Amino acid sequence: MSEGRSRGADRSGEARRPILNTHVHLPPNFSAFDTVEDAVTTAAREGVRVLGVSNFHDLGVYARFASIAERAGILPLFGLEFTCVVDALQQAGTRVNDPANPGRMYLCAKGIGRYATPGPEALRLMAAARDVDQDRMRRMVARLRAWFAEAGLETSLTDELIAEDVAERAGVPRASVVLQERHVAMAFQEALFRQADAGRRGDLLTRAFGGPPAASVEDPIAVQGEIRSRLMKAGRPAFESESPVSFEHALRLTLELQGIPCYPTLADGASPVCPWEEPPDGLAERLLARGIPAAELIPGRNRPEVVDAYVAAFRDAGIIVMAGTEHNTRKRIPLEPRCVDGSLPSATARAAFREATCVVAAHQHLRTSGRPGYVDGQGRLNPGFPDGEARIRWFAELGAELIGAASLAVA
């Protein structure tokens with residue numbers, strides 16, 4: 001590494017703690033933020049230096065995000081999140097990182113180099129995943145509309161009307177919207193609040209749920225959550241089974257987009273912990289066996305000591321590990337990743353998160369400019385280093401320089 005690059009990495013430091021977040025969802029995904037501009041303004045106000053988006057299905061908002069983030073001195077990271085299924089694990093009934101669905105796996109692509117110009121194979125793979133989800137939401141909205149009508153709440157809601165509303169609120173084209181369960185639950189909650197006062201809401205929800213609501217009928221976010229849990233989940237009246245793409249499909253799409261495959265770890269965000277994720281060093285081995293060299297934690301779901309255990313296991317195995325907050329509900333939590341008890345992750349964990357964030361930043365920069373990154377299009381780690389730690393160190397130093405340059409550009 002050149003002396004100049006080392007000095008650049010040093011210059012990127014600052015007296016106060018830099019905030020790095022590699023996983024948020026931006027509109028038109030269901031999000032705590034109203035618009036991309038809202039997200040970036042909030043991030044800048046909170047002192048965020050790196051903000052990574054991990055939306056489902058669509059890349060259309062990323063150019064807008066990039067432009068706004070760069071003007072704010074925030075380095076943007078581009079990613080996607082997928083729901084996929086591992087056939088062998090599903091057949092065995094093994095829970096991975098989705099406690100309610102054996103064999104179901106969430107997988108992320110990090111630092112994608114081709115967010116602006118995805119190739120034809122990437123577009124084909126993305127379209128296949130979108131079609132499956134759009135068809136499911138169409139059927140789910142119809143079932144929910146009929147169920148609420150029987151309870152006394154008549155609406156004209158359709159998947160198309162909900163999607164058009166999501167697009168208008170987010171300021172995006174309709175074609176970029178793929179509905180999620182949370183969009184649908186919010187649409188029905190808003191219809192309920194428009195048509196009924198608090199007293200009648202309770203009666204309607206009691207009939208719809210088959211029992212009194214647990215949530216306050218004055219709290220829109222709580223009512224949305226209860227509509228999902230009591231009407232839309234497996235075994236409930238409006239449930240429609242998902243048909244996720246295969247793990248191989250999601251992995252291939254990640255690599256076609258020139259991203260780094262990354263596993264979002266649930267850990268004690270589920271109780272009990274999903275068997276595939278125990279013990280931490282066993283999970284690390286399983287990730288490497290499937291060609292996944294990166295992991296991510298959402299510390300807000302985890303106890304500090306659990307964060308430390310998974311960070312140690314991942315880094316001992318040569319897996320980089322980063323952290324985010326998701327921001328995939330309407331609750332406006334801080335953008336700095338913190339543990340479930342509100343504490344900061346340990347200094348060791350934060351150092352690992354920073355290291356991984358820098359690696360992703362460097363990979364994205366290099367792949368966007370047509371150069372080799374941390375992994376290639378076949379998922380192979382860059383071979384130009386004597387060992388894995390040297391590889392991580394080189395990419396982390398370059399990423400630190402890029403992050404420092406982004407903030408200095410608007411200083």
# chains A, B, ... in the order shown; residues from 1 in each chain; ligands from 1
>>> residues_around(residues="Val311 (chain A)", least_positions_apart="6", cutoff="10 Å", atoms="only C-alpha atoms", output="PyMOL selection string")
chain A and resi 280-281+284+295-297+305+317+319-322+348-350+352-353
>>> write_last_selection(atoms="C-alpha atoms", output="PDB file, in the first residue's frame")
ATOM      1  CA  PRO A 280     -21.464 -18.840  15.440  1.00  0.00           C
ATOM      2  CA  ASP A 281     -18.339 -20.613  14.189  1.00  0.00           C
ATOM      3  CA  ALA A 284     -19.212 -19.102   9.502  1.00  0.00           C
ATOM      4  CA  ALA A 295     -22.013 -11.194   6.801  1.00  0.00           C
ATOM      5  CA  GLU A 296     -24.098  -8.465   8.327  1.00  0.00           C
ATOM      6  CA  LEU A 297     -25.705  -7.859  11.686  1.00  0.00           C
ATOM      7  CA  GLU A 305     -22.431 -10.194  23.918  1.00  0.00           C
ATOM      8  CA  ALA A 317     -13.024 -17.394   9.599  1.00  0.00           C
ATOM      9  CA  ILE A 319     -15.480 -13.271   6.761  1.00  0.00           C
ATOM     10  CA  ILE A 320     -15.974  -9.512   6.771  1.00  0.00           C
ATOM     11  CA  VAL A 321     -18.902  -8.356   8.908  1.00  0.00           C
ATOM     12  CA  MET A 322     -20.831  -5.078   8.702  1.00  0.00           C
ATOM     13  CA  THR A 348     -13.964  -4.534  18.681  1.00  0.00           C
ATOM     14  CA  ALA A 349     -17.278  -5.009  16.900  1.00  0.00           C
ATOM     15  CA  ARG A 350     -17.328  -1.406  15.650  1.00  0.00           C
ATOM     16  CA  ALA A 352     -14.911  -4.924  12.368  1.00  0.00           C
ATOM     17  CA  PHE A 353     -17.993  -3.109  11.026  1.00  0.00           C
TER      18      PHE A 353
END
>>> select_by_dssp(residues="region 194-283 of chain A", states="alpha helix (DSSP H)", output="ChimeraX atom specification")
/A:194-195,198-209,220-227,247-256,280-283
>>> residues_around(residues="region 29-42 of chain A", least_positions_apart="3", cutoff="10 Å", atoms="only C-alpha atoms", output="PDB file with C-alpha atoms, in the first residue's frame")
ATOM      1  CA  VAL A  24     -31.392   0.672   5.153  1.00  0.00           C
ATOM      2  CA  HIS A  25     -34.461   0.467   2.940  1.00  0.00           C
ATOM      3  CA  LEU A  26     -35.451   3.506   0.904  1.00  0.00           C
ATOM      4  CA  ARG A  45     -28.036  15.585  10.318  1.00  0.00           C
ATOM      5  CA  GLU A  46     -27.049  12.526  12.386  1.00  0.00           C
ATOM      6  CA  GLY A  47     -23.449  12.544  11.151  1.00  0.00           C
ATOM      7  CA  VAL A  48     -23.595   9.484   8.896  1.00  0.00           C
ATOM      8  CA  LEU A  51     -25.145   4.880   3.997  1.00  0.00           C
ATOM      9  CA  SER A  54     -30.395  -2.798   0.470  1.00  0.00           C
ATOM     10  CA  ASN A  55     -33.749  -2.554  -1.284  1.00  0.00           C
ATOM     11  CA  PHE A  56     -35.783  -5.426  -2.639  1.00  0.00           C
ATOM     12  CA  HIS A  57     -36.270  -5.796  -6.391  1.00  0.00           C
ATOM     13  CA  ASP A  58     -35.600  -2.375  -7.920  1.00  0.00           C
ATOM     14  CA  VAL A  61     -34.011   4.959  -7.205  1.00  0.00           C
ATOM     15  CA  TYR A  62     -30.274   4.384  -6.820  1.00  0.00           C
ATOM     16  CA  ARG A  64     -31.127   9.630  -7.338  1.00  0.00           C
ATOM     17  CA  PHE A  65     -29.809   8.338  -4.023  1.00  0.00           C
ATOM     18  CA  ALA A  66     -26.219   8.513  -5.295  1.00  0.00           C
ATOM     19  CA  ILE A  68     -28.158  13.363  -3.240  1.00  0.00           C
ATOM     20  CA  ALA A  69     -25.814  11.420  -0.938  1.00  0.00           C
ATOM     21  CA  GLU A  70     -22.694  12.618  -2.698  1.00  0.00           C
ATOM     22  CA  ARG A  71     -23.824  16.254  -2.445  1.00  0.00           C
ATOM     23  CA  ALA A  72     -24.277  15.700   1.292  1.00  0.00           C
ATOM     24  CA  GLY A  73     -20.765  14.271   1.694  1.00  0.00           C
ATOM     25  CA  ILE A  74     -22.092  10.774   2.372  1.00  0.00           C
ATOM     26  CA  PRO A  76     -23.483   5.758  -0.889  1.00  0.00           C
ATOM     27  CA  VAL A 166     -46.698   4.290  -2.831  1.00  0.00           C
ATOM     28  CA  ALA A 167     -45.166   5.683  -6.034  1.00  0.00           C
ATOM     29  CA  ARG A 169     -45.636   9.397  -1.946  1.00  0.00           C
ATOM     30  CA  ALA A 170     -42.075   8.388  -2.765  1.00  0.00           C
ATOM     31  CA  GLY A 171     -41.895  10.468  -5.937  1.00  0.00           C
ATOM     32  CA  VAL A 172     -40.939   7.511  -8.112  1.00  0.00           C
ATOM     33  CA  SER A 176     -40.371   0.848  -9.683  1.00  0.00           C
ATOM     34  CA  VAL A 177     -42.828  -0.249  -6.975  1.00  0.00           C
ATOM     35  CA  VAL A 178     -43.086  -3.853  -5.833  1.00  0.00           C
ATOM     36  CA  LEU A 179     -45.477  -4.053  -2.915  1.00  0.00           C
ATOM     37  CA  GLN A 180     -44.456  -5.568   0.397  1.00  0.00           C
ATOM     38  CA  GLU A 181     -46.703  -6.830   3.176  1.00  0.00           C
ATOM     39  CA  ARG A 182     -46.081  -3.656   5.165  1.00  0.00           C
ATOM     40  CA  HIS A 183     -47.338  -1.465   2.280  1.00  0.00           C
ATOM     41  CA  VAL A 184     -50.571  -3.457   2.193  1.00  0.00           C
ATOM     42  CA  MET A 186     -50.534   0.360   6.027  1.00  0.00           C
ATOM     43  CA  GLU A 326     -32.893  -1.705   8.158  1.00  0.00           C
ATOM     44  CA  HIS A 327     -35.316   1.179   8.849  1.00  0.00           C
ATOM     45  CA  ASN A 328     -38.012  -0.997   7.265  1.00  0.00           C
ATOM     46  CA  THR A 329     -40.856   0.103   9.537  1.00  0.00           C
ATOM     47  CA  ARG A 330     -42.349   3.549  10.033  1.00  0.00           C
ATOM     48  CA  LYS A 331     -40.547   3.910  13.361  1.00  0.00           C
ATOM     49  CA  ARG A 332     -37.838   6.580  13.143  1.00  0.00           C
ATOM     50  CA  ILE A 333     -34.925   5.111  15.038  1.00  0.00           C
ATOM     51  CA  PRO A 334     -31.380   6.566  14.921  1.00  0.00           C
ATOM     52  CA  LEU A 335     -29.210   5.561  11.976  1.00  0.00           C
TER      53      LEU A 335
END
>>> atom_distance(atom1="CA of Pro372 (chain A)", atom2="CA of Val86 (chain A)")
29.1 Å
>>> closest_residue(among="A:Pro18, A:Pro27, A:Pro279, A:Gly152", to="Val50 (chain A)", atoms="only C-alpha atoms")
A:Pro18
>>> atom_distance(atom1="CA of Gly318 (chain A)", atom2="CA of Gly384 (chain A)")
15.9 Å
>>> residues_around(residues="region 93-96 of chain A", least_positions_apart="2", cutoff="10 Å", atoms="only C-alpha atoms", output="VMD selection string")
chain A and resid 85 to 91 98 to 106 265 to 267 273 to 278 283
>>> write_last_selection(atoms="N, CA and C atoms", output="PDB file, in the first residue's frame")
ATOM      1  N   VAL A  85     -34.756 -19.616  -1.265  1.00  0.00           N
ATOM      2  CA  VAL A  85     -34.957 -20.854  -0.534  1.00  0.00           C
ATOM      3  C   VAL A  85     -33.833 -21.830  -0.868  1.00  0.00           C
ATOM      4  N   VAL A  86     -33.353 -22.510   0.159  1.00  0.00           N
ATOM      5  CA  VAL A  86     -32.349 -23.560   0.010  1.00  0.00           C
ATOM      6  C   VAL A  86     -33.101 -24.884   0.086  1.00  0.00           C
ATOM      7  N   ASP A  87     -33.238 -25.561  -1.034  1.00  0.00           N
ATOM      8  CA  ASP A  87     -34.111 -26.735  -1.113  1.00  0.00           C
ATOM      9  C   ASP A  87     -33.795 -27.786  -0.055  1.00  0.00           C
ATOM     10  N   ALA A  88     -32.522 -28.111   0.100  1.00  0.00           N
ATOM     11  CA  ALA A  88     -32.160 -29.179   1.043  1.00  0.00           C
ATOM     12  C   ALA A  88     -32.536 -28.802   2.474  1.00  0.00           C
ATOM     13  N   LEU A  89     -32.366 -27.539   2.818  1.00  0.00           N
ATOM     14  CA  LEU A  89     -32.699 -27.086   4.162  1.00  0.00           C
ATOM     15  C   LEU A  89     -34.209 -27.028   4.362  1.00  0.00           C
ATOM     16  N   GLN A  90     -34.927 -26.698   3.306  1.00  0.00           N
ATOM     17  CA  GLN A  90     -36.381 -26.686   3.400  1.00  0.00           C
ATOM     18  C   GLN A  90     -36.914 -28.097   3.616  1.00  0.00           C
ATOM     19  N   GLN A  91     -36.373 -29.033   2.868  1.00  0.00           N
ATOM     20  CA  GLN A  91     -36.808 -30.424   3.006  1.00  0.00           C
ATOM     21  C   GLN A  91     -36.494 -30.974   4.394  1.00  0.00           C
ATOM     22  N   ASP A  98     -35.001 -16.949   8.773  1.00  0.00           N
ATOM     23  CA  ASP A  98     -36.425 -16.601   8.754  1.00  0.00           C
ATOM     24  C   ASP A  98     -37.119 -17.618   9.655  1.00  0.00           C
ATOM     25  N   PRO A  99     -37.386 -17.257  10.913  1.00  0.00           N
ATOM     26  CA  PRO A  99     -37.856 -18.262  11.879  1.00  0.00           C
ATOM     27  C   PRO A  99     -39.153 -18.954  11.495  1.00  0.00           C
ATOM     28  N   ALA A 100     -40.006 -18.276  10.716  1.00  0.00           N
ATOM     29  CA  ALA A 100     -41.323 -18.842  10.415  1.00  0.00           C
ATOM     30  C   ALA A 100     -41.324 -19.757   9.201  1.00  0.00           C
ATOM     31  N   ASN A 101     -40.221 -19.787   8.460  1.00  0.00           N
ATOM     32  CA  ASN A 101     -40.214 -20.504   7.186  1.00  0.00           C
ATOM     33  C   ASN A 101     -38.945 -21.335   7.039  1.00  0.00           C
ATOM     34  N   PRO A 102     -38.979 -22.612   7.370  1.00  0.00           N
ATOM     35  CA  PRO A 102     -37.788 -23.465   7.220  1.00  0.00           C
ATOM     36  C   PRO A 102     -37.245 -23.422   5.795  1.00  0.00           C
ATOM     37  N   GLY A 103     -35.927 -23.356   5.699  1.00  0.00           N
ATOM     38  CA  GLY A 103     -35.269 -23.338   4.401  1.00  0.00           C
ATOM     39  C   GLY A 103     -35.219 -21.985   3.740  1.00  0.00           C
ATOM     40  N   ARG A 104     -35.954 -21.020   4.275  1.00  0.00           N
ATOM     41  CA  ARG A 104     -35.986 -19.677   3.690  1.00  0.00           C
ATOM     42  C   ARG A 104     -34.768 -18.892   4.143  1.00  0.00           C
ATOM     43  N   MET A 105     -34.107 -18.230   3.195  1.00  0.00           N
ATOM     44  CA  MET A 105     -32.912 -17.464   3.515  1.00  0.00           C
ATOM     45  C   MET A 105     -33.023 -16.061   2.927  1.00  0.00           C
ATOM     46  N   TYR A 106     -32.705 -15.069   3.758  1.00  0.00           N
ATOM     47  CA  TYR A 106     -32.469 -13.726   3.251  1.00  0.00           C
ATOM     48  C   TYR A 106     -31.002 -13.644   2.842  1.00  0.00           C
ATOM     49  N   THR A 265     -27.469 -11.739   9.359  1.00  0.00           N
ATOM     50  CA  THR A 265     -27.540 -12.674  10.478  1.00  0.00           C
ATOM     51  C   THR A 265     -28.610 -12.243  11.471  1.00  0.00           C
ATOM     52  N   LEU A 266     -29.500 -13.151  11.813  1.00  0.00           N
ATOM     53  CA  LEU A 266     -30.573 -12.856  12.761  1.00  0.00           C
ATOM     54  C   LEU A 266     -30.113 -13.080  14.207  1.00  0.00           C
ATOM     55  N   ALA A 267     -29.384 -14.166  14.442  1.00  0.00           N
ATOM     56  CA  ALA A 267     -28.868 -14.520  15.774  1.00  0.00           C
ATOM     57  C   ALA A 267     -30.004 -14.494  16.802  1.00  0.00           C
ATOM     58  N   VAL A 273     -32.652 -19.123  18.790  1.00  0.00           N
ATOM     59  CA  VAL A 273     -31.848 -18.822  17.605  1.00  0.00           C
ATOM     60  C   VAL A 273     -32.081 -19.904  16.548  1.00  0.00           C
ATOM     61  N   CYS A 274     -32.177 -19.498  15.292  1.00  0.00           N
ATOM     62  CA  CYS A 274     -32.392 -20.463  14.217  1.00  0.00           C
ATOM     63  C   CYS A 274     -31.246 -21.482  14.194  1.00  0.00           C
ATOM     64  N   PRO A 275     -31.555 -22.762  14.059  1.00  0.00           N
ATOM     65  CA  PRO A 275     -30.517 -23.799  14.155  1.00  0.00           C
ATOM     66  C   PRO A 275     -29.362 -23.617  13.181  1.00  0.00           C
ATOM     67  N   TRP A 276     -29.631 -23.111  11.971  1.00  0.00           N
ATOM     68  CA  TRP A 276     -28.557 -22.962  10.980  1.00  0.00           C
ATOM     69  C   TRP A 276     -27.515 -21.942  11.432  1.00  0.00           C
ATOM     70  N   GLU A 277     -27.923 -21.066  12.358  1.00  0.00           N
ATOM     71  CA  GLU A 277     -27.023 -19.996  12.798  1.00  0.00           C
ATOM     72  C   GLU A 277     -26.269 -20.349  14.080  1.00  0.00           C
ATOM     73  N   GLU A 278     -26.447 -21.548  14.568  1.00  0.00           N
ATOM     74  CA  GLU A 278     -25.754 -21.957  15.790  1.00  0.00           C
ATOM     75  C   GLU A 278     -24.775 -23.087  15.517  1.00  0.00           C
ATOM     76  N   LEU A 283     -21.865 -21.439  11.804  1.00  0.00           N
ATOM     77  CA  LEU A 283     -22.473 -20.610  10.762  1.00  0.00           C
ATOM     78  C   LEU A 283     -21.410 -20.084   9.816  1.00  0.00           C
TER      79      LEU A 283
END
>>> residues_around(residues="Ser241 (chain A)", least_positions_apart="5", cutoff="10 Å", atoms="only C-alpha atoms", output="JSON, numbers by chain")
{"A": [136, 139, 140, 232, 233, 234, 235]}
>>> closest_atom_pairs(of="region 33-149 of chain A", to="region 209-219 of chain A", cutoff="12 Å", atoms="only C-alpha atoms", output="CSV")
residue,atom,partner,partner_atom,distance
A:Leu144,CA,A:Phe209,CA,11.6
A:Trp147,CA,A:Phe209,CA,9.8
A:Phe148,CA,A:Phe209,CA,9.6
>>> residues_around(residues="Gly370 (chain A)", least_positions_apart="3", cutoff="12 Å", atoms="only C-alpha atoms", output="PyMOL selection string")
chain A and resi 112-114+258+363-367+373+376-377
>>> closest_residue(among="A:Gly269, A:Leu20, A:Arg230, A:Arg236", to="Ala400 (chain A)", atoms="only C-alpha atoms")
A:Leu20
>>> residues_around(residues="Ala129 (chain A)", least_positions_apart="6", cutoff="10 Å", atoms="only C-alpha atoms", output="list of chain:residue names")
A:Phe56, A:His57, A:Phe82, A:Thr83, A:Cys84, A:Ser243, A:Pro244, A:Val245, A:Ser246, A:His249, A:Ala250
>>> select_by_dssp(residues="region 199-369 of chain A", states="strand (DSSP E or B)", output="MDAnalysis selection string")
chainID A and resid 245:246 260:265 294:297 320:323 326
>>> write_last_selection(atoms="N, CA and C atoms", output="CSV table (one decimal), in the first residue's frame")
chain,number,residue,atom,x,y,z
A,245,VAL,N,-37.4,-17.3,-5.0
A,245,VAL,CA,-36.4,-17.9,-5.9
A,245,VAL,C,-35.4,-18.8,-5.2
A,246,SER,N,-34.7,-19.6,-5.9
A,246,SER,CA,-33.7,-20.5,-5.3
A,246,SER,C,-32.5,-19.7,-4.8
A,260,ILE,N,-21.0,-8.3,-3.7
A,260,ILE,CA,-20.4,-9.3,-2.8
A,260,ILE,C,-21.6,-10.0,-2.1
A,261,PRO,N,-21.6,-11.3,-2.2
A,261,PRO,CA,-22.7,-12.0,-1.4
A,261,PRO,C,-22.5,-11.8,0.1
A,262,CYS,N,-23.6,-11.5,0.7
A,262,CYS,CA,-23.6,-11.2,2.2
A,262,CYS,C,-24.8,-11.8,2.9
A,263,TYR,N,-24.5,-12.4,4.0
A,263,TYR,CA,-25.6,-13.1,4.8
A,263,TYR,C,-26.0,-12.2,5.9
A,264,PRO,N,-27.3,-11.7,6.0
A,264,PRO,CA,-27.8,-11.0,7.1
A,264,PRO,C,-28.2,-11.9,8.3
A,265,THR,N,-27.5,-11.7,9.4
A,265,THR,CA,-27.5,-12.7,10.5
A,265,THR,C,-28.6,-12.2,11.5
A,294,ALA,N,-19.1,-12.6,3.2
A,294,ALA,CA,-19.5,-11.4,4.0
A,294,ALA,C,-20.7,-11.7,4.8
A,295,ALA,N,-20.8,-11.1,5.9
A,295,ALA,CA,-22.0,-11.2,6.8
A,295,ALA,C,-22.4,-9.8,7.3
A,296,GLU,N,-23.6,-9.7,7.8
A,296,GLU,CA,-24.1,-8.5,8.3
A,296,GLU,C,-24.9,-8.7,9.6
A,297,LEU,N,-24.8,-7.8,10.5
A,297,LEU,CA,-25.7,-7.9,11.7
A,297,LEU,C,-26.6,-6.6,11.7
A,320,ILE,N,-15.8,-10.9,6.3
A,320,ILE,CA,-16.0,-9.5,6.8
A,320,ILE,C,-17.4,-9.4,7.3
A,321,VAL,N,-17.6,-8.5,8.3
A,321,VAL,CA,-18.9,-8.4,8.9
A,321,VAL,C,-19.2,-6.9,9.1
A,322,MET,N,-20.4,-6.5,8.7
A,322,MET,CA,-20.8,-5.1,8.7
A,322,MET,C,-22.1,-5.0,9.5
A,323,ALA,N,-22.7,-3.7,9.6
A,323,ALA,CA,-23.8,-3.5,10.5
A,323,ALA,C,-24.8,-2.5,9.9
A,326,GLU,N,-31.7,-1.4,9.0
A,326,GLU,CA,-32.9,-1.7,8.2
A,326,GLU,C,-33.8,-0.5,7.9
>>> closest_residue(among="A:Asp268, A:Asp308, A:Glu256, A:Glu401", to="Thr117 (chain A)", atoms="only C-alpha atoms")
A:Glu256
>>> decode(residues="region 225-242 of chain A", atoms="N, CA and C atoms", output="compact mmCIF listing (two decimals), in the first residue's frame")
# COMPACT_ATOMS: atom_id res chain seq x y z
N GLY A 225 -48.91 -3.33 12.32
CA GLY A 225 -48.22 -4.56 12.71
C GLY A 225 -49.18 -5.67 13.07
N GLU A 226 -50.29 -5.31 13.72
CA GLU A 226 -51.24 -6.34 14.12
C GLU A 226 -52.03 -6.86 12.92
N ILE A 227 -52.31 -6.00 11.95
CA ILE A 227 -52.96 -6.48 10.72
C ILE A 227 -52.07 -7.53 10.04
N ARG A 228 -50.78 -7.27 10.00
CA ARG A 228 -49.86 -8.23 9.40
C ARG A 228 -49.84 -9.54 10.19
N SER A 229 -49.65 -9.44 11.49
CA SER A 229 -49.45 -10.65 12.29
C SER A 229 -50.72 -11.49 12.43
N ARG A 230 -51.89 -10.83 12.44
CA ARG A 230 -53.11 -11.58 12.71
C ARG A 230 -53.92 -11.93 11.46
N LEU A 231 -53.58 -11.27 10.35
CA LEU A 231 -54.35 -11.55 9.13
C LEU A 231 -53.51 -12.01 7.95
N MET A 232 -52.20 -11.70 7.92
CA MET A 232 -51.41 -11.90 6.71
C MET A 232 -50.34 -12.98 6.83
N LYS A 233 -50.09 -13.46 8.02
CA LYS A 233 -49.04 -14.46 8.19
C LYS A 233 -49.58 -15.88 7.99
N ALA A 234 -48.68 -16.84 7.96
CA ALA A 234 -49.06 -18.23 7.69
C ALA A 234 -50.17 -18.68 8.62
N GLY A 235 -51.20 -19.30 8.03
CA GLY A 235 -52.33 -19.80 8.78
C GLY A 235 -53.40 -18.76 9.05
N ARG A 236 -53.18 -17.51 8.60
CA ARG A 236 -54.13 -16.43 8.83
C ARG A 236 -55.02 -16.23 7.60
N PRO A 237 -56.13 -15.48 7.73
CA PRO A 237 -57.13 -15.42 6.65
C PRO A 237 -56.63 -14.87 5.32
N ALA A 238 -55.71 -13.90 5.33
CA ALA A 238 -55.27 -13.29 4.08
C ALA A 238 -53.92 -13.82 3.60
N PHE A 239 -53.43 -14.87 4.24
CA PHE A 239 -52.11 -15.39 3.87
C PHE A 239 -52.11 -15.98 2.47
N GLU A 240 -51.07 -15.67 1.73
CA GLU A 240 -50.78 -16.31 0.45
C GLU A 240 -49.35 -16.80 0.50
N SER A 241 -49.13 -18.05 0.19
CA SER A 241 -47.79 -18.61 0.30
C SER A 241 -46.83 -17.95 -0.67
N GLU A 242 -45.60 -17.79 -0.21
CA GLU A 242 -44.56 -17.22 -1.05
C GLU A 242 -43.93 -18.30 -1.92
